[in-house]
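Colleague: Below is the file upload_38.txt, with compact mmCIF, C-alpha atoms and all ligand atoms.
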```txt
# COMPACT_ATOMS: atom_id res chain seq x y z
CA MET A 1 -16.81 14.41 -4.22
CA PHE A 2 -18.69 11.17 -4.56
CA LEU A 3 -19.19 9.53 -1.25
CA ASP A 4 -21.06 6.40 -0.61
CA HIS A 5 -21.72 5.71 3.05
CA LEU A 6 -23.25 2.85 4.90
CA GLN A 7 -23.15 0.99 8.18
CA LEU A 8 -22.73 -2.74 8.64
CA GLN A 9 -23.25 -4.79 11.78
CA VAL A 10 -20.66 -7.50 12.01
CA GLU A 11 -20.52 -10.23 14.61
CA ALA A 12 -17.79 -12.81 14.84
CA GLY A 13 -18.64 -16.37 15.89
CA HIS A 14 -18.72 -17.46 19.50
CA GLY A 15 -16.05 -20.01 20.41
CA GLY A 16 -17.27 -23.56 20.97
CA ALA A 17 -17.31 -24.93 24.53
CA GLY A 18 -14.74 -27.48 25.63
CA ALA A 19 -16.10 -30.93 26.60
CA THR A 20 -16.10 -32.78 29.88
CA HIS A 21 -15.77 -36.41 29.02
CA PHE A 22 -13.99 -39.52 30.24
CA ARG A 23 -12.53 -42.32 28.26
CA ARG A 24 -14.74 -45.38 28.27
CA GLU A 25 -13.37 -48.57 26.93
CA LYS A 26 -14.39 -52.12 27.52
CA PHE A 27 -11.29 -53.09 29.49
CA ALA A 28 -10.33 -49.74 30.98
CA GLU A 29 -12.78 -49.11 33.75
CA LYS A 30 -11.49 -45.76 34.87
CA GLY A 31 -10.47 -44.05 31.67
CA GLY A 32 -8.95 -40.63 32.09
CA PRO A 33 -10.51 -37.31 31.02
CA ASP A 34 -10.58 -36.90 27.26
CA GLY A 35 -12.95 -33.97 26.65
CA GLY A 36 -11.71 -32.05 23.57
CA ASP A 37 -11.51 -28.29 23.10
CA GLY A 38 -14.15 -26.18 21.44
CA GLY A 39 -13.53 -24.87 17.91
CA HIS A 40 -12.79 -21.20 17.36
CA GLY A 41 -15.56 -18.91 16.21
CA GLY A 42 -15.31 -17.62 12.65
CA SER A 43 -13.97 -14.09 12.14
CA VAL A 44 -15.28 -11.34 9.89
CA TYR A 45 -12.91 -9.99 7.26
CA VAL A 46 -13.13 -7.18 4.76
CA VAL A 47 -11.31 -7.80 1.52
CA ALA A 48 -10.53 -5.46 -1.39
CA ASN A 49 -12.19 -6.57 -4.61
CA PRO A 50 -11.04 -4.52 -7.63
CA ALA A 51 -14.05 -5.72 -9.65
CA LEU A 52 -16.42 -3.66 -7.48
CA ASN A 53 -17.03 0.05 -8.00
CA THR A 54 -19.77 0.68 -5.47
CA LEU A 55 -21.07 -0.54 -2.13
CA ASN A 56 -24.37 -1.53 -3.75
CA ILE A 57 -24.01 -5.19 -2.81
CA TYR A 58 -24.84 -4.11 0.75
CA ARG A 59 -28.00 -2.32 -0.23
CA SER A 60 -30.31 -4.87 1.40
CA VAL A 61 -28.32 -7.03 3.80
CA ARG A 62 -26.46 -5.03 6.41
CA ALA A 63 -25.76 -7.55 9.17
CA PHE A 64 -23.31 -10.41 9.03
CA THR A 65 -22.57 -13.06 11.60
CA ALA A 66 -19.76 -15.57 11.34
CA GLU A 67 -20.36 -19.15 12.39
CA ARG A 68 -19.91 -20.39 15.97
CA GLY A 69 -17.19 -22.84 16.77
CA ALA A 70 -18.52 -26.34 17.52
CA SER A 71 -18.19 -27.84 21.00
CA GLY A 72 -15.39 -30.23 21.78
CA GLU A 73 -16.14 -33.93 22.07
CA GLY A 74 -14.89 -37.00 23.82
CA GLY A 75 -11.78 -38.72 22.56
CA ARG A 76 -10.03 -35.32 22.67
CA ARG A 77 -11.81 -34.37 19.50
CA GLN A 78 -11.64 -30.63 18.93
CA GLY A 79 -14.83 -28.96 17.75
CA ARG A 80 -14.87 -27.66 14.20
CA ASP A 81 -13.86 -24.01 13.75
CA GLY A 82 -16.66 -21.71 12.62
CA GLU A 83 -16.58 -20.44 9.02
CA ASP A 84 -15.31 -16.90 8.49
CA VAL A 85 -17.39 -14.26 6.79
CA VAL A 86 -15.57 -12.36 4.05
CA LEU A 87 -17.05 -9.05 2.92
CA ASP A 88 -15.91 -7.72 -0.46
CA VAL A 89 -15.50 -3.98 -0.81
CA PRO A 90 -14.25 -1.77 -3.65
CA LEU A 91 -10.86 -0.12 -3.63
CA GLY A 92 -10.99 3.24 -1.92
CA THR A 93 -13.21 2.11 0.95
CA LEU A 94 -12.50 3.71 4.27
CA LEU A 95 -13.39 1.53 7.27
CA LYS A 96 -14.23 3.12 10.59
CA ASP A 97 -15.49 1.86 13.90
CA SER A 98 -18.87 3.49 14.17
CA GLU A 99 -18.81 3.96 17.93
CA SER A 100 -15.33 5.36 18.42
CA GLY A 101 -15.00 6.92 14.98
CA GLU A 102 -11.59 5.32 14.78
CA VAL A 103 -10.23 4.66 11.29
CA LEU A 104 -9.54 0.96 10.97
CA ALA A 105 -8.12 0.95 7.45
CA GLU A 106 -8.27 2.48 4.04
CA ILE A 107 -8.55 -0.29 1.47
CA LEU A 108 -6.27 0.50 -1.43
CA SER A 109 -4.60 -2.66 -2.71
CA PRO A 110 -6.43 -5.50 -4.50
CA GLY A 111 -6.73 -8.54 -2.27
CA GLU A 112 -5.96 -6.59 0.90
CA LYS A 113 -7.69 -8.35 3.81
CA ILE A 114 -8.52 -6.79 7.16
CA CYS A 115 -9.97 -8.57 10.19
CA VAL A 116 -12.81 -6.41 11.51
CA ALA A 117 -14.26 -8.79 14.14
CA ARG A 118 -12.25 -11.58 15.65
CA GLY A 119 -13.87 -14.92 16.40
CA GLY A 120 -14.05 -16.11 20.01
CA ARG A 121 -11.56 -18.74 21.05
CA GLY A 122 -12.82 -22.19 21.80
CA GLY A 123 -12.91 -23.32 25.44
CA LEU A 124 -10.61 -26.00 26.78
CA GLY A 125 -11.93 -29.49 27.31
CA ASN A 126 -11.42 -31.29 30.60
CA ASN A 127 -8.48 -33.29 29.26
CA ASN A 128 -6.39 -30.14 29.77
CA PHE A 129 -7.09 -29.96 33.47
CA LYS A 130 -5.88 -33.28 34.71
CA SER A 131 -3.00 -33.12 37.16
CA SER A 132 -1.41 -35.25 39.84
CA THR A 133 -3.83 -33.79 42.38
CA ASN A 134 -6.89 -33.84 40.14
CA ARG A 135 -7.21 -36.98 38.09
CA VAL A 136 -10.90 -36.49 37.56
CA PRO A 137 -11.36 -32.89 36.39
CA MET A 138 -15.05 -32.31 36.07
CA HIS A 139 -14.97 -29.01 34.28
CA HIS A 140 -14.29 -27.45 30.91
CA GLN A 141 -14.22 -23.86 29.67
CA PRO A 142 -16.99 -22.17 27.74
CA GLY A 143 -16.01 -20.58 24.44
CA GLU A 144 -15.23 -16.87 24.32
CA ASP A 145 -17.54 -14.32 22.77
CA GLY A 146 -16.80 -13.21 19.23
CA GLU A 147 -16.23 -9.48 18.68
CA ILE A 148 -19.21 -7.37 17.69
CA ARG A 149 -18.76 -4.13 15.85
CA THR A 150 -20.68 -1.56 13.89
CA LEU A 151 -18.63 -0.58 10.87
CA ASP A 152 -18.89 2.63 8.92
CA LEU A 153 -17.96 2.11 5.29
CA GLU A 154 -17.22 5.16 3.24
CA LEU A 155 -16.32 4.84 -0.39
CA LYS A 156 -14.00 7.49 -1.62
CA MET A 157 -14.32 7.00 -5.29
CA ILE A 158 -10.94 6.89 -6.91
CA ALA A 159 -10.84 8.59 -10.25
CA ASP A 160 -9.53 6.84 -13.34
CA VAL A 161 -8.50 10.05 -15.08
CA GLY A 162 -7.07 13.15 -13.42
CA LEU A 163 -7.09 16.57 -15.07
CA VAL A 164 -4.10 18.81 -14.66
CA GLY A 165 -3.32 22.18 -16.14
CA PHE A 166 -3.07 25.88 -15.47
CA PRO A 167 -5.99 27.68 -13.83
CA ASN A 168 -8.57 28.63 -16.46
CA ALA A 169 -7.41 25.92 -18.87
CA GLY A 170 -10.96 24.60 -19.22
CA LYS A 171 -10.79 21.58 -16.89
CA SER A 172 -14.14 22.11 -15.20
CA THR A 173 -15.76 22.93 -18.52
CA LEU A 174 -14.60 19.58 -19.88
CA VAL A 175 -15.96 17.74 -16.83
CA SER A 176 -19.29 19.52 -17.12
CA ARG A 177 -19.58 18.52 -20.79
CA VAL A 178 -18.72 14.85 -20.50
CA SER A 179 -20.32 13.98 -17.15
CA ALA A 180 -23.36 14.89 -15.09
CA ALA A 181 -21.14 16.77 -12.61
CA ARG A 182 -21.69 20.51 -12.50
CA PRO A 183 -18.50 22.13 -11.22
CA LYS A 184 -18.33 25.88 -11.05
CA ILE A 185 -16.93 27.46 -14.20
CA ALA A 186 -15.76 31.05 -14.46
CA ASN A 187 -13.36 33.21 -16.35
CA TYR A 188 -10.88 33.69 -13.54
CA PRO A 189 -8.17 31.47 -12.12
CA PHE A 190 -8.81 29.19 -9.13
CA THR A 191 -12.51 28.80 -9.70
CA THR A 192 -12.25 25.18 -8.60
CA LEU A 193 -11.21 25.00 -4.96
CA GLU A 194 -11.46 21.31 -4.32
CA PRO A 195 -11.52 18.18 -6.45
CA GLN A 196 -14.77 17.27 -8.13
CA LEU A 197 -15.48 13.89 -9.59
CA GLY A 198 -17.68 13.09 -12.54
CA VAL A 199 -18.77 9.75 -13.96
CA VAL A 200 -18.25 9.72 -17.72
CA PRO A 201 -20.40 7.25 -19.67
CA VAL A 202 -18.59 5.70 -22.65
CA ASP A 203 -21.48 3.48 -23.69
CA ASP A 204 -24.37 1.71 -21.98
CA LEU A 205 -22.10 -0.53 -19.94
CA VAL A 206 -18.81 1.22 -19.54
CA SER A 207 -18.02 4.39 -17.66
CA PHE A 208 -15.04 5.91 -15.97
CA VAL A 209 -14.48 8.53 -13.30
CA ILE A 210 -12.78 11.81 -14.06
CA ALA A 211 -11.32 14.13 -11.41
CA ASP A 212 -11.26 17.88 -11.86
CA ILE A 213 -8.69 19.44 -9.59
CA PRO A 214 -7.78 23.07 -8.93
CA GLY A 215 -5.38 24.60 -11.40
CA LEU A 216 -1.64 24.22 -10.87
CA ILE A 217 0.84 27.05 -10.95
CA GLU A 218 4.60 27.24 -10.90
CA GLY A 219 5.80 26.10 -7.46
CA ALA A 220 2.66 24.01 -6.81
CA ALA A 221 4.72 20.99 -5.82
CA SER A 222 6.42 23.02 -3.10
CA GLY A 223 3.18 24.49 -1.83
CA ALA A 224 2.31 27.44 -4.06
CA GLY A 225 -1.37 27.95 -4.79
CA LEU A 226 -3.72 25.12 -3.99
CA GLY A 227 -1.90 22.44 -5.88
CA ILE A 228 -0.04 20.19 -3.53
CA GLN A 229 -2.81 18.44 -1.65
CA PHE A 230 -4.64 17.83 -4.88
CA LEU A 231 -1.63 16.40 -6.63
CA ARG A 232 -1.78 13.75 -3.94
CA HIS A 233 -5.34 13.10 -5.04
CA VAL A 234 -4.47 12.60 -8.69
CA GLU A 235 -1.55 10.40 -7.72
CA ARG A 236 -4.09 7.63 -7.38
CA THR A 237 -5.61 7.99 -10.83
CA ARG A 238 -4.72 5.68 -13.67
CA MET A 239 -3.86 8.37 -16.16
CA LEU A 240 -3.77 12.13 -16.58
CA LEU A 241 -5.00 14.62 -19.12
CA HIS A 242 -2.92 17.75 -19.29
CA LEU A 243 -5.13 20.55 -20.54
CA VAL A 244 -3.42 23.35 -22.42
CA ASP A 245 -5.35 26.53 -23.20
CA LEU A 246 -4.36 27.31 -26.77
CA THR A 247 -5.89 30.80 -26.57
CA ASP A 248 -4.16 32.07 -23.42
CA PRO A 249 -2.40 35.31 -24.41
CA MET A 250 -0.23 35.10 -21.28
CA SER A 251 1.47 31.83 -22.03
CA GLU A 252 2.77 29.91 -24.98
CA PRO A 253 1.87 26.22 -25.06
CA GLU A 254 5.54 25.20 -24.76
CA ASP A 255 5.89 27.17 -21.51
CA SER A 256 2.71 25.96 -19.92
CA ILE A 257 3.56 22.35 -20.75
CA ARG A 258 7.07 22.71 -19.37
CA ILE A 259 5.90 24.34 -16.13
CA ILE A 260 3.14 21.82 -15.41
CA GLU A 261 5.38 18.86 -16.20
CA GLY A 262 8.07 20.33 -13.94
CA GLU A 263 5.55 20.46 -11.10
CA LEU A 264 4.40 16.90 -11.66
CA ARG A 265 7.96 15.64 -11.67
CA ALA A 266 8.90 17.68 -8.59
CA PHE A 267 5.89 16.30 -6.74
CA SER A 268 6.56 12.66 -7.42
CA GLU A 269 8.07 10.30 -9.93
CA VAL A 270 4.92 8.17 -9.72
CA LEU A 271 2.83 11.07 -10.90
CA PHE A 272 5.27 12.07 -13.60
CA LEU A 273 5.48 8.57 -15.05
CA LYS A 274 1.73 8.04 -15.21
CA PRO A 275 0.32 7.88 -18.77
CA ARG A 276 -0.46 11.46 -19.70
CA TRP A 277 -2.00 13.00 -22.80
CA LEU A 278 -1.81 16.60 -23.88
CA VAL A 279 -5.19 18.10 -24.75
CA GLY A 280 -5.46 21.48 -26.46
CA THR A 281 -8.56 23.38 -25.31
CA LYS A 282 -10.77 26.21 -26.51
CA LEU A 283 -10.39 25.20 -30.13
CA ASP A 284 -13.42 27.34 -31.04
CA ALA A 285 -11.69 30.54 -29.94
CA LEU A 286 -8.29 29.78 -31.39
CA GLN A 287 -7.07 32.31 -33.90
CA ASP A 288 -3.35 31.82 -33.88
CA GLU A 289 -2.74 29.03 -36.42
CA ASP A 290 0.94 29.04 -35.61
CA ARG A 291 0.24 28.09 -32.00
CA LEU A 292 -1.93 25.25 -33.10
CA ALA A 293 0.77 23.97 -35.42
CA ARG A 294 3.36 24.16 -32.63
CA PHE A 295 1.10 22.34 -30.23
CA GLU A 296 0.45 19.60 -32.77
CA ALA A 297 4.15 19.26 -33.46
CA LEU A 298 4.83 18.97 -29.71
CA CYS A 299 2.29 16.14 -29.45
CA ARG A 300 3.69 14.29 -32.44
CA ALA A 301 7.21 14.62 -31.08
CA ARG A 302 5.95 12.51 -28.17
CA ASP A 303 4.24 9.99 -30.39
CA GLN A 304 0.86 11.33 -29.39
CA GLU A 305 -1.92 12.09 -31.83
CA PRO A 306 -2.90 15.72 -31.10
CA ILE A 307 -6.15 15.95 -29.15
CA LEU A 308 -8.09 19.16 -29.60
CA ILE A 309 -11.37 20.01 -27.92
CA SER A 310 -13.87 22.76 -27.44
CA GLY A 311 -16.07 22.80 -24.38
CA VAL A 312 -18.22 25.41 -26.10
CA THR A 313 -19.02 23.67 -29.39
CA GLY A 314 -18.42 20.16 -28.08
CA GLU A 315 -15.92 19.44 -30.83
CA GLY A 316 -13.56 16.57 -30.04
CA LEU A 317 -15.34 15.56 -26.84
CA ARG A 318 -16.90 12.26 -27.92
CA PRO A 319 -13.72 11.07 -29.67
CA LEU A 320 -11.77 11.92 -26.50
CA VAL A 321 -14.19 9.97 -24.30
CA PHE A 322 -13.97 6.91 -26.59
CA LYS A 323 -10.22 7.11 -26.72
CA LEU A 324 -10.04 7.29 -22.93
CA GLY A 325 -12.47 4.39 -22.55
CA ALA A 326 -10.38 2.25 -24.86
CA ALA A 327 -7.10 3.17 -23.18
CA LEU A 328 -8.47 2.52 -19.68
CA ALA A 329 -9.78 -0.88 -20.73
CA GLU A 330 -6.20 -1.84 -21.54
CA MET A 331 -4.78 -0.58 -18.28
CA PRO A 332 -4.51 -2.62 -15.13
CA LYS A 333 -6.72 -1.43 -12.32
CA ASP A 334 -4.33 -2.42 -9.63
CA HIS A 335 -1.80 0.35 -9.51
CA ILE A 336 -4.17 2.68 -7.76
CA GLY A 337 -2.59 2.82 -4.35
CA SER A 338 0.63 1.97 -2.72
CA GLY A 339 -0.75 -0.24 0.02
CA GLY A 340 -2.87 2.05 2.11
CA ASP A 341 -2.48 3.49 5.51
CA ARG A 342 -3.00 0.76 7.98
CA LEU A 343 -3.82 2.94 10.85
CA LEU A 344 -4.79 0.41 13.41
CA ALA A 345 -2.00 -2.07 13.50
CA GLY A 346 -3.88 -4.58 15.63
CA LEU A 347 -6.69 -4.85 13.18
CA ALA A 348 -4.76 -4.55 10.01
CA THR A 349 -3.61 -8.16 10.03
CA PRO A 350 -5.47 -11.40 10.63
CA PRO A 351 -5.58 -12.34 14.31
CA SER A 352 -2.28 -13.57 15.59
CA GLU A 353 -2.13 -17.13 16.82
CA PRO A 354 -2.99 -17.43 20.47
CA PRO A 355 -0.26 -18.80 22.70
CA THR A 356 0.10 -22.51 22.14
CA SER A 357 0.06 -25.16 24.82
CA PRO A 358 2.68 -27.89 25.11
CA SER A 359 0.37 -30.17 23.13
CA GLY A 360 0.52 -27.64 20.30
CA LYS A 361 -3.18 -26.74 20.42
CA ALA A 362 -4.34 -23.18 20.62
CA ARG A 363 -5.26 -22.18 24.13
CA PRO A 364 -7.49 -19.39 25.31
CA ALA A 365 -6.34 -17.34 28.23
CA VAL A 366 -7.56 -19.16 31.36
N1 LIG A 401 -14.21 29.69 -25.85
C1 LIG A 401 -14.05 28.74 -24.96
N2 LIG A 401 -14.01 29.03 -23.67
C2 LIG A 401 -13.83 28.04 -22.79
C3 LIG A 401 -13.71 26.68 -23.19
N3 LIG A 401 -13.53 25.92 -22.10
C4 LIG A 401 -13.55 26.75 -21.05
N4 LIG A 401 -13.73 28.03 -21.45
C5 LIG A 401 -13.83 29.22 -20.60
O1 LIG A 401 -12.62 29.35 -19.87
C6 LIG A 401 -12.86 29.83 -18.55
C7 LIG A 401 -12.27 28.88 -17.53
O2 LIG A 401 -12.91 27.62 -17.62
P1 LIG A 401 -12.93 26.59 -16.43
O3 LIG A 401 -13.53 25.33 -16.97
O4 LIG A 401 -13.55 27.19 -15.21
O5 LIG A 401 -11.38 26.41 -16.22
P2 LIG A 401 -10.61 25.54 -15.10
O6 LIG A 401 -9.44 24.95 -15.79
O7 LIG A 401 -11.56 24.63 -14.45
O8 LIG A 401 -10.13 26.71 -14.14
P3 LIG A 401 -9.74 26.60 -12.55
O9 LIG A 401 -10.85 25.91 -11.86
O10 LIG A 401 -9.62 28.03 -12.16
O11 LIG A 401 -8.45 25.89 -12.52
C8 LIG A 401 -14.38 29.97 -18.45
O12 LIG A 401 -14.73 31.28 -18.70
C9 LIG A 401 -14.90 29.07 -19.55
O13 LIG A 401 -16.15 29.46 -20.04
C10 LIG A 401 -13.76 26.41 -24.61
O14 LIG A 401 -13.65 25.28 -25.07
N5 LIG A 401 -13.93 27.47 -25.43
MG MG A 402 -12.10 24.56 -12.52
```
Kindly return the structure encoded in the file as structure tokens.

Modeller:
Amino acid sequence: MFLDHLQLQVEAGHGGAGATHFRREKFAEKGGPDGGDGGHGGSVYVVANPALNTLNIYRSVRAFTAERGASGEGGRRQGRDGEDVVLDVPLGTLLKDSESGEVLAEILSPGEKICVARGGRGGLGNNNFKSSTNRVPMHHQPGEDGEIRTLDLELKMIADVGLVGFPNAGKSTLVSRVSAARPKIANYPFTTLEPQLGVVPVDDLVSFVIADIPGLIEGAASGAGLGIQFLRHVERTRMLLHLVDLTDPMSEPEDSIRIIEGELRAFSEVLFLKPRWLVGTKLDALQDEDRLARFEALCRARDQEPILISGVTGEGLRPLVFKLGAALAEMPKDHIGSGGDRLLAGLATPPSEPPTSPSGKARPAV
């Protein structure tokens, strides 16, 4: 698994102080109190930016402070609110409070915005404190502190392409040939026990992430073998490759395709409807021409050009990588998640409006 971890210090802005001030006009000797309220401190938000793939933008600067609210002024003028700080993060970022370990959110939808440190409320100016018994209030409130938090950011890279197929189909071999990842490969089923990700370079600028998951067997969607938890993992990919071992003496390509597709459909419609290409593997060892012909016919019946590869000789690998790169470039990046688990309701939405006073201005708790 690729994990990118880092910690950020975030500090919301302090609220501005209210003002103590009295109206002074040429012909009104004893003007009443007119000290305005302080502005609210800026908050710190984290927002999902689908253009980012890494947390590298935080390599050097790790501390962020939002602006303070300005103090209130005479003439009931409210101080200016402090500017918010907005931190962009890639999709797939898990946000935790460093101290408590609490999960604040998992960022999965483009544009999703989470408040991670709330700005302090501005203090009330003295114009709020006048009453029949106190016509000359001499006090105002200070602003409240902004929240301070240490955030743990963990990037769970979301793969673009998920590999599905029977155990032993050659999934890990493919990953090891097209990426720098080195998953375990062996001639027995269930060699891969947990998903492995590999970054596949298409050219100097473009790459995509491929996910190797444990092999699926009949009944995977209802819990057989290792499949189910990993199907959840590939549910977030943009497309699937279904690897079919054309040399497996135990299963005909038609059967293995039918069984795997049945499992995908039983697991979820989302998974089943994802773009999916059939890929015939182990071309170098294939002796049964009839099988090959049947596999090719099956592909063509679905309007798919047959894709045939060998992890041993490397045949078909570069064309497959280019074809995937081109297809992914055409696909939107925004159907990765379904909205994300917003685990901490209070923090998952921007701060709610504080109770309002009769004059309609926001009021801090006195
Ligand atoms: N001849 C030949 N053998 C291959 C090819 N690809 C994979 N194999 C062999 O097939 C066996 C299984 O390969 P893996 O890549 O581990 O298969 P997998 O699909 O990852 O298997 P699980 O992790 O168990 O699901 C290994 O012995 C590989 O060496 C190929 O293109 N040609
Ligand atoms: Mg494997």

Colleague: Restricting the calculation to all atoms listed in the file, which member of A:Leu153, A:Ile307, A:Ala19, A:Val86 is positioned closest to Gly101 (chain A)?

Modeller: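 Smallest separation from Gly101 (chain A) among the options: A:Leu153.
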
Colleague: One decimal, in Å: what's the spacing between CA of Ser100 (chain A) and CA of Ser60 (chain A)?

Modeller: 24.9 Å

Colleague: Would you mind listing what lies within 10 Å of region 113-118 of chain A as a PyMOL selection string, with only C-alpha atoms counted and same-chain residues fewer than 5 positions away left out?

Modeller: chain A and resi 10-14+40-49+65-66+84-88+95-97+104-107+145-151+342+346-351

Colleague: Which residues, protein or nucleic acid, reach to within 9 Å of (-13.4, -34.5, 21.3) in the file's coordinates when using all atoms listed in the file, and can you give that as a list of chain:residue names?

Modeller: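 So the residues meeting the distance criterion are A:Gly18, A:Ala19, A:His21, A:Asp34, A:Gly35, A:Gly36, A:Asp37, A:Gly38, A:Ser71, A:Gly72, A:Glu73, A:Gly74, A:Gly75, A:Arg76, A:Arg77, A:Gln78, A:Gly79, A:Gly125.
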
Colleague: Name each residue within 8 Å of ligand LIG 401 (chain A), counting only C-alpha atoms and all ligand atoms, as number ranges by chain.

Modeller: A: 165-175, 184-193, 212-216, 243, 281-285, 309-314

Colleague: Rank nothing, just name the residue among A:Ile260, A:Ala326, A:Leu205, A:Val136 nearest to Val164 (chain A), using only C-alpha atoms.

Modeller: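 Among the listed residues, the smallest separation from Val164 (chain A) belongs to A:Ile260.
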
Colleague: To one decimal place, how far is CA of Gln7 (chain A) from CA of Val103 (chain A) in Å?

Modeller: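 Taking CA of Gln7 (chain A) as the start and CA of Val103 (chain A) as the end point, the length is 13.8 Å.
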
Colleague: Measuring between only C-alpha atoms, which one of A:Glu83, A:Glu289, A:Glu218, A:Asp160 shows the shortest distance to Pro332 (chain A)?

Modeller: A:Asp160

Colleague: Give me the box for region 4-14 of chain A as lines of an AutoDock Vina configuration file, namely the centre and edge lengths in Å to one decimal of a box along x, y and z that holds every listed atom plus 4 Å on each side.

Modeller:
```
center_x = -20.5
center_y = -5.5
center_z = 9.4
size_x = 13.5
size_y = 31.9
size_z = 28.1
```

Colleague: From the set A:Glu194, A:Asp152, A:Asp248, A:Glu99, which residue has the shortest atom-to-atom contact distance to ligand MG 402 (chain A), counting all atoms listed in the file?

Modeller: A:Glu194
